[in-house]
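Data from target31.cif: mmCIF, C-alpha atoms and all ligand atoms
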```cif
data_upload
loop_
_atom_site.label_atom_id
_atom_site.label_comp_id
_atom_site.auth_asym_id
_atom_site.auth_seq_id
_atom_site.Cartn_x
_atom_site.Cartn_y
_atom_site.Cartn_z
CA MET Y 4 42.23 -70.77 162.16
CA ILE Y 5 45.83 -70.37 163.26
CA TRP Y 6 46.85 -69.50 166.82
CA GLU Y 7 50.32 -68.34 167.80
CA VAL Y 8 51.64 -70.02 170.94
CA PHE Y 9 53.80 -68.48 173.64
CA ARG Y 10 55.33 -70.59 176.38
CA GLN Y 11 56.62 -69.53 179.77
CA GLU Y 12 58.96 -72.05 181.32
CA LYS Y 13 59.09 -70.89 184.89
CA PRO Y 14 57.10 -68.40 186.96
CA GLY Y 15 58.68 -65.00 186.46
CA ASP Y 16 60.07 -65.79 182.99
CA TYR Y 17 58.93 -64.15 179.78
CA HIS Y 18 56.40 -65.87 177.54
CA ARG Y 19 58.39 -66.76 174.42
CA HIS Y 20 57.00 -67.56 171.01
CA VAL Y 21 57.35 -71.26 170.33
CA GLY Y 22 55.19 -71.88 167.26
CA ASN Y 23 51.54 -72.09 166.26
CA VAL Y 24 48.63 -74.49 166.02
CA HIS Y 25 45.46 -74.96 163.95
CA ALA Y 26 42.33 -74.81 166.06
CA PRO Y 27 38.67 -73.88 165.52
CA ASP Y 28 38.39 -71.81 168.72
CA ARG Y 29 40.29 -70.54 171.73
CA ASP Y 30 39.60 -73.52 173.95
CA MET Y 31 40.75 -75.98 171.34
CA ALA Y 32 43.78 -73.81 170.68
CA LYS Y 33 44.72 -74.01 174.36
CA LEU Y 34 44.33 -77.76 174.30
CA PHE Y 35 46.39 -78.22 171.12
CA ALA Y 36 49.05 -75.83 172.35
CA GLN Y 37 49.30 -77.84 175.51
CA ILE Y 38 49.69 -81.08 173.61
CA GLN Y 39 52.12 -79.75 171.01
CA HIS Y 40 54.22 -77.35 172.96
CA ALA Y 41 53.99 -78.29 176.61
CA ARG Y 42 53.90 -82.03 176.63
CA ARG Y 43 57.64 -82.54 176.96
CA MET Y 44 58.91 -79.06 177.57
CA GLN Y 45 59.05 -77.52 180.99
CA THR Y 46 56.05 -75.21 181.14
CA ASN Y 47 54.44 -72.96 183.67
CA SER Y 48 51.96 -71.15 181.42
CA LEU Y 49 50.89 -70.89 177.78
CA TRP Y 50 49.32 -68.06 175.81
CA VAL Y 51 47.43 -68.52 172.57
CA VAL Y 52 46.76 -65.56 170.28
CA PRO Y 53 44.79 -65.53 167.00
CA GLN Y 54 47.38 -65.09 164.26
CA GLU Y 55 45.43 -62.35 162.50
CA GLU Y 56 45.46 -60.32 165.70
CA VAL Y 57 49.25 -60.11 165.58
CA GLY Y 58 50.55 -56.94 163.96
CA GLU Y 59 53.92 -57.24 162.28
CA VAL Y 60 56.51 -54.76 161.11
CA ASP Y 61 59.69 -56.18 159.56
CA THR Y 62 62.95 -55.06 157.97
CA GLU Y 63 61.14 -54.36 154.70
CA ASP Y 64 58.96 -51.77 156.41
CA ALA Y 65 61.33 -50.27 158.89
CA ALA Y 66 64.96 -49.44 159.54
CA PHE Y 67 65.13 -50.85 163.05
CA GLY Y 68 67.39 -48.94 165.36
CA GLY Y 69 67.84 -46.45 162.55
CA ARG Y 70 70.65 -46.36 160.05
CA THR Y 71 72.39 -43.29 161.42
CA ASP Y 72 75.33 -43.47 163.76
CA LYS Y 73 74.03 -43.19 167.29
CA ALA Y 74 77.21 -44.11 169.09
CA TYR Y 75 76.47 -41.45 171.69
CA ARG Y 76 73.73 -43.59 173.20
CA TRP Y 77 75.83 -46.67 173.91
CA ALA Y 78 77.76 -47.29 177.11
CA MET Y 79 80.77 -48.62 175.14
CA THR Y 80 81.29 -45.23 173.52
CA TYR Y 81 82.49 -43.83 176.82
CA ASN Y 82 85.43 -46.19 176.87
CA ASP Y 83 87.66 -43.84 178.80
CA ILE Y 84 85.35 -44.58 181.73
CA ASP Y 85 85.89 -47.77 183.68
CA SER Y 86 82.57 -49.42 184.50
CA SER Y 87 83.99 -52.22 186.61
CA PHE Y 88 83.46 -50.34 189.88
CA ALA Y 89 79.76 -51.22 189.91
CA GLN Y 90 78.51 -54.65 188.93
CA GLU Y 91 75.23 -53.31 187.57
CA VAL Y 92 76.97 -50.80 185.28
CA GLU Y 93 79.31 -53.48 184.03
CA ASP Y 94 76.40 -55.87 183.40
CA SER Y 95 74.49 -53.21 181.52
CA GLU Y 96 77.48 -52.46 179.33
CA ALA Y 97 77.96 -56.16 178.59
CA GLU Y 98 74.31 -56.45 177.53
CA GLN Y 99 74.65 -53.39 175.33
CA ARG Y 100 77.84 -54.70 173.77
CA GLU Y 101 76.09 -57.95 172.92
CA ALA Y 102 73.10 -56.11 171.42
CA ALA Y 103 75.43 -53.92 169.34
CA ARG Y 104 77.32 -56.97 168.10
CA LYS Y 105 74.11 -58.68 166.94
CA ARG Y 106 72.98 -55.49 165.29
CA ARG Y 107 76.31 -55.09 163.48
CA GLU Y 108 76.05 -58.65 162.20
CA GLN Y 109 72.56 -57.96 160.93
CA LEU Y 110 73.72 -54.83 159.09
CA GLU Y 111 76.65 -56.70 157.57
CA SER Y 112 74.49 -59.55 156.36
CA GLU Y 113 72.07 -57.03 154.84
CA GLY Y 114 74.98 -55.38 153.07
CA GLN Y 115 75.93 -58.70 151.47
CA ARG Y 116 72.45 -59.29 150.12
CA MET R 20 46.01 -65.63 198.59
CA ASP R 21 46.26 -64.34 202.13
CA ILE R 22 49.07 -62.19 203.46
CA GLU R 23 50.69 -65.05 205.35
CA THR R 24 50.92 -67.15 202.19
CA VAL R 25 52.34 -64.17 200.31
CA LYS R 26 55.05 -63.74 202.94
CA GLU R 27 55.86 -67.43 202.85
CA ARG R 28 56.09 -67.59 199.08
CA ALA R 29 57.81 -64.20 198.65
CA GLY R 30 60.84 -64.39 196.36
CA PRO R 31 62.16 -63.07 193.06
CA ARG R 32 59.45 -62.91 190.36
CA GLN R 33 57.06 -64.99 192.43
CA PHE R 34 53.77 -63.23 191.69
CA GLY R 35 52.04 -61.97 188.57
CA PRO R 36 48.70 -60.87 187.15
CA ASN R 37 47.34 -64.43 187.29
CA ASP R 38 47.76 -64.63 191.04
CA ASP R 39 44.99 -63.55 193.30
CA MET R 40 46.95 -61.09 195.45
CA PRO R 41 45.59 -59.51 198.62
CA GLU R 42 44.70 -55.85 198.48
CA GLU R 43 47.46 -54.90 200.89
CA TYR R 44 50.08 -56.32 198.53
CA ARG R 45 48.54 -54.75 195.44
CA LYS R 46 48.34 -51.35 197.11
CA ALA R 47 51.89 -51.47 198.41
CA ALA R 48 53.23 -52.55 195.02
CA THR R 49 51.22 -49.86 193.26
CA ARG R 50 52.52 -47.20 195.63
CA MET R 51 56.10 -48.31 195.02
CA ILE R 52 55.92 -48.68 191.23
CA GLN R 53 53.90 -45.49 190.76
CA PHE R 54 56.53 -43.61 192.79
CA HIS R 55 59.22 -45.11 190.59
CA ALA R 56 57.35 -44.26 187.37
CA ASN R 57 56.69 -40.69 188.53
CA SER R 58 60.39 -40.34 189.31
CA GLU R 59 61.32 -41.38 185.77
CA VAL R 60 59.02 -38.70 184.38
CA MET R 61 60.25 -35.99 186.72
CA GLY R 62 63.87 -37.06 186.25
CA GLY R 63 63.40 -36.83 182.51
CA TYR R 64 61.86 -33.39 182.82
CA LEU R 65 64.73 -32.20 184.96
CA ASP R 66 67.34 -33.72 182.71
CA LYS R 67 66.02 -32.13 179.55
CA GLU R 68 67.25 -28.76 180.88
CA PHE R 69 70.79 -29.97 180.34
CA THR R 70 70.36 -30.28 176.59
CA ARG R 71 70.31 -26.50 176.40
CA HIS R 72 73.38 -26.13 178.62
CA ALA R 73 75.44 -28.95 177.12
CA PRO R 74 78.72 -27.61 175.73
CA SER R 75 78.94 -29.74 172.59
CA LEU R 76 76.75 -31.39 170.00
CA ASP R 77 77.77 -34.85 171.22
CA ARG R 78 76.70 -34.02 174.73
CA LYS R 79 73.42 -32.58 173.51
CA LEU R 80 72.68 -35.72 171.51
CA ALA R 81 73.57 -38.02 174.38
CA ASN R 82 71.46 -35.97 176.75
CA THR R 83 68.46 -36.07 174.45
CA ALA R 84 68.86 -39.84 174.13
CA LYS R 85 68.95 -40.18 177.90
CA VAL R 86 65.79 -38.11 178.35
CA GLN R 87 64.07 -40.29 175.77
CA ASP R 88 65.16 -43.39 177.73
CA GLU R 89 63.81 -41.99 181.01
CA ILE R 90 60.38 -41.23 179.58
CA GLY R 91 60.39 -44.75 178.13
CA HIS R 92 61.15 -46.11 181.62
CA ALA R 93 58.13 -44.24 182.92
CA GLN R 94 55.92 -45.82 180.27
CA LEU R 95 57.14 -49.32 181.15
CA LEU R 96 56.61 -48.72 184.83
CA TYR R 97 53.09 -47.30 184.53
CA ARG R 98 52.20 -50.44 182.59
CA ALA R 99 53.72 -52.61 185.32
CA ALA R 100 51.77 -50.67 187.95
CA GLU R 101 48.52 -51.00 186.02
CA THR R 102 48.80 -54.79 186.09
CA LEU R 103 48.04 -54.63 189.83
CA GLY R 104 44.53 -53.44 189.08
CA VAL R 105 44.57 -50.63 191.63
CA LYS R 106 44.98 -47.56 189.42
CA THR R 107 44.92 -46.86 185.70
CA ARG R 108 47.72 -45.07 183.90
CA ASP R 109 45.48 -42.05 183.38
CA GLU R 110 44.77 -41.86 187.09
CA MET R 111 48.46 -41.98 187.92
CA LEU R 112 49.33 -39.32 185.34
CA ASP R 113 46.52 -37.12 186.65
CA GLU R 114 47.84 -37.51 190.18
CA LEU R 115 51.27 -36.43 189.07
CA GLN R 116 49.77 -33.42 187.32
CA ASN R 117 47.62 -32.27 190.23
CA GLY R 118 50.46 -32.54 192.73
CA GLU R 119 49.38 -35.70 194.57
CA GLY R 120 51.87 -38.01 192.87
CA LYS R 121 55.08 -38.55 194.83
CA PHE R 122 58.60 -38.88 193.40
CA LEU R 123 62.29 -38.90 194.34
CA ASN R 124 63.65 -36.04 196.41
CA CYS R 125 66.44 -35.15 193.97
CA PHE R 126 63.97 -34.25 191.25
CA HIS R 127 62.39 -31.52 193.36
CA TYR R 128 65.35 -29.19 192.84
CA PRO R 129 65.21 -27.15 189.63
CA VAL R 130 68.53 -27.09 187.73
CA ASP R 131 70.03 -24.35 185.63
CA SER R 132 73.66 -25.14 184.87
CA TRP R 133 75.78 -27.77 183.18
CA TYR R 134 77.73 -28.30 186.43
CA GLU R 135 74.64 -29.98 187.80
CA ALA R 136 74.53 -32.53 184.97
CA PRO R 137 76.98 -35.02 186.52
CA MET R 138 75.30 -34.67 189.93
CA ILE R 139 72.15 -36.09 188.39
CA ASP R 140 73.53 -38.22 185.58
CA PHE R 141 76.36 -39.83 187.48
CA PHE R 142 75.49 -39.79 191.18
CA VAL R 143 71.69 -39.88 191.10
CA ASP R 144 71.48 -42.27 188.14
CA GLY R 145 74.23 -44.33 189.74
CA GLY R 146 72.30 -44.55 193.00
CA ALA R 147 69.10 -45.29 191.12
CA MET R 148 70.81 -48.02 189.19
CA ARG R 149 72.07 -49.63 192.39
CA ARG R 150 68.50 -49.82 193.58
CA GLN R 151 67.08 -50.87 190.22
CA ALA R 152 69.51 -53.75 189.87
CA THR R 153 68.20 -55.16 193.16
CA LEU R 154 64.63 -54.75 191.89
CA LYS R 155 65.26 -57.30 189.17
CA SER R 156 64.52 -59.69 192.04
CA THR R 157 61.29 -58.07 193.16
CA SER R 158 58.35 -60.40 193.72
CA TRP R 159 55.99 -58.62 191.27
CA THR R 160 57.02 -60.12 187.92
CA PRO R 161 55.92 -57.28 185.61
CA TYR R 162 58.02 -54.92 187.73
CA ALA R 163 61.07 -57.20 187.45
CA HIS R 164 60.60 -57.41 183.67
CA ALA R 165 60.55 -53.62 183.43
CA MET R 166 63.82 -53.56 185.39
CA ASP R 167 65.47 -55.88 182.85
CA LYS R 168 65.05 -53.27 180.13
CA VAL R 169 65.73 -50.29 182.37
CA CYS R 170 69.03 -51.74 183.61
CA PHE R 171 70.03 -52.59 180.05
CA GLU R 172 69.82 -48.88 179.22
CA GLU R 173 71.06 -47.30 182.42
CA GLY R 174 74.70 -48.27 181.95
CA PHE R 175 74.92 -45.61 179.26
CA HIS R 176 73.47 -42.97 181.58
CA VAL R 177 75.91 -43.63 184.38
CA LYS R 178 78.96 -43.83 182.13
CA HIS R 179 77.97 -40.71 180.24
CA GLY R 180 77.42 -38.95 183.57
CA GLU R 181 80.85 -39.98 184.76
CA SER R 182 82.36 -38.85 181.50
CA ILE R 183 80.87 -35.36 182.06
CA LEU R 184 82.28 -35.24 185.58
CA ARG R 185 85.69 -36.28 184.31
CA GLU R 186 85.64 -33.61 181.63
CA LEU R 187 84.64 -30.88 184.08
CA MET R 188 87.28 -31.89 186.62
CA ARG R 189 89.94 -31.73 183.93
CA GLY R 190 88.81 -28.23 182.99
CA SER R 191 90.14 -24.88 184.16
CA LYS R 192 90.63 -24.11 187.84
CA ALA R 193 87.42 -22.08 187.77
CA THR R 194 85.49 -24.97 186.25
CA GLN R 195 86.80 -27.34 188.88
CA GLU R 196 85.78 -24.95 191.63
CA ARG R 197 82.30 -24.52 190.25
CA THR R 198 81.94 -28.29 190.00
CA GLN R 199 83.10 -28.69 193.61
CA GLU R 200 80.60 -26.04 194.79
CA THR R 201 77.79 -27.72 192.91
CA PHE R 202 78.81 -31.07 194.34
CA GLU R 203 78.64 -29.68 197.88
CA GLU R 204 75.15 -28.44 197.23
CA TRP R 205 73.97 -31.75 195.83
CA TRP R 206 75.82 -34.21 198.08
CA PRO R 207 73.36 -34.18 201.03
CA ARG R 208 70.42 -34.55 198.63
CA ILE R 209 72.12 -37.50 197.01
CA LEU R 210 72.63 -39.16 200.38
CA GLN R 211 68.97 -38.61 201.19
CA PHE R 212 68.01 -40.20 197.90
CA PHE R 213 67.99 -43.55 199.68
CA GLY R 214 65.55 -42.32 202.30
CA PRO R 215 65.83 -42.46 206.07
CA THR R 216 67.23 -45.44 207.96
CA ASN R 217 65.18 -48.54 207.96
CA ASP R 218 63.42 -48.23 211.29
CA GLN R 219 62.11 -44.77 210.39
CA SER R 220 60.58 -45.83 207.12
CA THR R 221 56.96 -46.88 207.46
CA HIS R 222 56.43 -48.87 204.27
CA ASN R 223 59.78 -50.56 204.33
CA ASP R 224 59.10 -53.62 206.47
CA PHE R 225 56.02 -54.75 204.64
CA ALA R 226 57.66 -54.28 201.25
CA MET R 227 60.58 -56.44 202.42
CA ASP R 228 58.32 -59.11 203.93
CA VAL R 229 56.40 -59.63 200.70
CA GLY R 230 59.51 -59.49 198.51
CA LEU R 231 58.74 -56.24 196.72
CA LYS R 232 62.05 -54.92 198.02
CA THR R 233 65.01 -57.15 198.64
CA VAL R 234 67.56 -54.72 200.05
CA THR R 235 67.13 -52.07 202.74
CA ASN R 236 67.65 -48.34 202.20
CA ASP R 237 70.57 -48.48 204.56
CA GLU R 238 72.34 -51.28 202.68
CA LEU R 239 71.80 -49.48 199.41
CA ARG R 240 73.20 -46.20 200.67
CA ASN R 241 76.23 -47.88 202.13
CA SER R 242 77.06 -49.83 199.02
CA PHE R 243 76.57 -46.61 197.08
CA LEU R 244 79.05 -44.83 199.35
CA ASN R 245 81.58 -47.59 198.97
CA MET R 246 81.47 -47.32 195.21
CA TYR R 247 80.88 -43.64 194.55
CA VAL R 248 83.00 -41.90 197.19
CA PRO R 249 86.20 -43.32 195.64
CA LYS R 250 84.94 -42.21 192.23
CA ALA R 251 84.30 -38.65 193.42
CA GLU R 252 87.75 -38.53 194.97
CA LYS R 253 89.37 -40.00 191.91
CA TYR R 254 88.30 -36.95 189.92
CA GLY R 255 89.46 -34.57 192.64
CA LEU R 256 86.15 -33.80 194.32
CA GLU R 257 86.36 -33.27 198.06
CA ILE R 258 83.70 -34.94 200.16
CA PRO R 259 82.12 -32.22 202.36
CA GLU R 260 82.79 -32.49 206.11
CA SER R 261 79.13 -32.58 206.89
CA PRO R 262 77.21 -34.88 206.71
CA ARG R 263 79.89 -36.96 208.39
CA ILE R 264 80.85 -40.17 206.66
CA PHE R 265 82.42 -42.84 208.83
CA GLU R 266 83.81 -46.29 208.47
CA ARG R 267 82.13 -49.12 210.28
CA ASP R 268 83.92 -52.03 211.93
CA ASP R 269 83.48 -54.16 208.83
CA GLY R 270 85.17 -51.51 206.70
CA THR R 271 82.00 -50.33 204.94
CA MET R 272 81.00 -46.69 204.93
CA ALA R 273 78.01 -45.09 206.57
CA VAL R 274 76.63 -41.59 207.06
CA ARG R 275 75.64 -39.84 210.29
CA GLU R 276 72.04 -39.37 209.45
CA SER R 277 71.49 -36.71 212.09
CA ASP R 278 73.68 -34.44 209.96
CA LEU R 279 71.10 -34.42 207.19
CA ASP R 280 68.18 -31.99 206.96
CA TRP R 281 65.16 -34.23 207.37
CA ASP R 282 62.72 -31.33 207.66
CA GLU R 283 63.58 -30.43 204.10
CA PHE R 284 63.30 -34.08 203.10
CA TRP R 285 59.82 -34.50 204.58
CA THR R 286 58.62 -31.19 203.13
CA ILE R 287 59.70 -32.49 199.76
CA ALA R 288 58.05 -35.83 200.47
CA LYS R 289 54.78 -33.90 200.78
CA ASN R 290 55.45 -32.14 197.44
CA ASP R 291 55.56 -28.92 199.39
CA SER R 292 58.95 -27.27 198.85
CA ASP R 293 59.32 -24.29 196.49
CA GLY R 294 61.17 -26.58 194.12
CA SER R 295 58.36 -29.13 194.25
CA HIS R 296 55.84 -26.51 193.23
CA GLU R 297 58.08 -25.30 190.43
CA GLN R 298 58.85 -28.75 189.02
CA ILE R 299 55.32 -30.13 189.32
CA GLY R 300 53.91 -26.89 187.93
CA SER R 301 56.14 -26.71 184.88
CA ARG R 302 55.53 -30.34 184.06
CA ALA R 303 51.78 -29.88 184.53
CA ARG R 304 51.79 -26.94 182.12
CA ARG R 305 53.57 -29.00 179.47
CA GLN R 306 51.21 -31.90 180.02
CA GLU R 307 48.40 -29.42 179.42
CA ALA R 308 50.06 -28.07 176.27
CA VAL R 309 50.10 -31.50 174.61
CA ALA R 310 46.60 -32.52 175.72
CA TRP R 311 45.49 -32.23 172.09
CA VAL R 312 47.82 -35.10 171.13
CA ARG R 313 46.31 -37.41 173.73
CA ASP R 314 42.81 -36.31 172.78
CA SER R 315 43.30 -37.03 169.11
CA LEU R 316 44.73 -40.48 169.93
CA ASP R 317 41.76 -41.21 172.16
CA ASN R 318 39.29 -40.02 169.54
CA TRP R 319 40.94 -42.18 166.94
CA GLU R 320 40.87 -45.21 169.21
CA GLY R 321 37.20 -44.60 169.96
CA SER R 322 36.24 -44.19 166.32
CA ALA R 323 35.58 -47.09 163.95
CA ALA R 324 38.88 -46.49 162.15
CA GLY R 325 41.02 -47.28 165.16
CA THR R 326 39.10 -50.29 166.43
CA PRO R 327 40.46 -53.60 165.18
CA GLN R 328 37.88 -56.04 163.95
CA ALA R 329 37.72 -58.38 166.90
CA ALA R 330 37.86 -62.03 165.94
CA ASP R 331 35.79 -64.32 168.10
FE FE K 401 65.55 -44.34 184.27
FE FE K 402 68.74 -43.03 183.92
#
```

Show the structure stored in the file as structure tokens.
Amino acid sequence: MIWEVFRQEKPGDYHRHVGNVHAPDRDMAKLFAQIQHARRMQTNSLWVVPQEEVGEVDTEDAAFGGRTDKAYRWAMTYNDIDSSFAQEVEDSEAEQREAARKRREQLESEGQR
Amino acid sequence: MDIETVKERAGPRQFGPNDDMPEEYRKAATRMIQFHANSEVMGGYLDKEFTRHAPSLDRKLANTAKVQDEIGHAQLLYRAAETLGVKTRDEMLDELQNGEGKFLNCFHYPVDSWYEAPMIDFFVDGGAMRRQATLKSTSWTPYAHAMDKVCFEEGFHVKHGESILRELMRGSKATQERTQETFEEWWPRILQFFGPTNDQSTHNDFAMDVGLKTVTNDELRNSFLNMYVPKAEKYGLEIPESPRIFERDDGTMAVRESDLDWDEFWTIAKNDSDGSHEQIGSRARRQEAVAWVRDSLDNWEGSAAGTPQAAD
């Protein structure tokens, strides 16, 4: 049986997917995950999840974020407004800009396929 | 963990569902996150009015997107609150419906014009975002994680809100006057958004001691004033004479709190103003109207079809 492994580096961080292990049951999966994924890496906590319990939807099934122009819901669209007056607004816009850039790259690479 | 240990260890993202937290902490955190979640719902309900009033298709679309975000924030926050094991999401939603659930003062005032849109979307969202950015460092990790996503989205709300204000203040003389009038009506409410000064707030000290909050109401309001007063003035809004705003020795701004109507504030805090009844009532009626959706989801989940085959 295959178990997906999620590792959290520090308290307060997210658990991030780091790989998977073969194991006959949950206890063994925890042990193997520990050995494979937490032996060298900084780790605060591990999750193991049976692979068949994970539901997946991918780009074949769904148009993530839609394919229509939704510029109106991005902070960058309102570029006649200066966000630098408040750190948190500026940070949010920077995060959105980064997300939009990654998304544009994804769309472009799909277009080339 | 006992309270003393909690206070000692208190810091950003220090505690999570795996920690054995004392009841006092779990209750305080639940109260705070539930209040926040309720405010997202009620803010969303208030904001949806503006879709009807919005003067252009772009504005309508943006407004709808914002409302969708706010309801999403509520969902995230109810999940974060549930992780404390004090109340379930259903319990919290029921409390909001039957009038027990508490939420931000500004969402107790029904709106009915587009001039009110920037008061909420720029000033109230701006104030909320100030506070939410500081909550990324709250000690309850699931709460901090919810803030990561909320803050990611909020930048759009605040900028869109400012863009509406800018547009209105570049409109006709009459439009500018209406916007100014509306601002005067909303300004004291916006200042009260941050609550009373620290020493008057009962839950404040404990929440600070255990790291749930990291910044006081007073500090938040003053940083808000320092950022948003210049913005209001930039677009030609005049700050009303009362409540008096003054400059402190260190150059930061503060408000004479005795100029604000705290009777109104505390009536609202008890969900007991006319506006409270109207807002809670209209949301309760809509909640009722879509009960069949929740019921059919629950029935599906309870039936064999919805239950995943559990692997042991
Ligand atoms: Fe929100
Ligand atoms: Fe918002």

Nearby residues (all atoms listed in the file) at most 12 Å from Arg43 (chain Y), same-chain spacing under 6 positions excluded, as a ChimeraX atom specification: /Y:12,36-37

Sphere at (48.5, -60.7, 199.3), radius 9 Å, counting all atoms listed in the file: residues as a PyMOL selection string: chain R and resi 20-26+39-45+229

Distance-based interface of chain Y with chain R, 6 Å, counting only C-alpha atoms, as a ChimeraX atom specification: /Y:15,75-78,92,95-96

Contacts with ligand FE 401 (chain K) at most 6 Å, only C-alpha atoms and all ligand atoms counted, listed as a count of residues only: 3

Spatial neighbours of region 106-113 of chain Y, max dist 12 Å, all atoms listed in the file, sep filter under 3 positions, as a PyMOL selection string: chain Y and resi 62-63+66-72+99-103+116

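Taking CA of Asn82 (chain Y) as the reference point, CA of Ser58 (chain R) is found at 28.6 Å.
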
Pick from R:Ala147, R:Ala99, R:Leu112, R:Met61 nearest to ligand FE 402 (chain K), counting only C-alpha atoms and all ligand atoms: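 The shortest atom-to-atom distance to ligand FE 402 (chain K) comes from R:Ala147.
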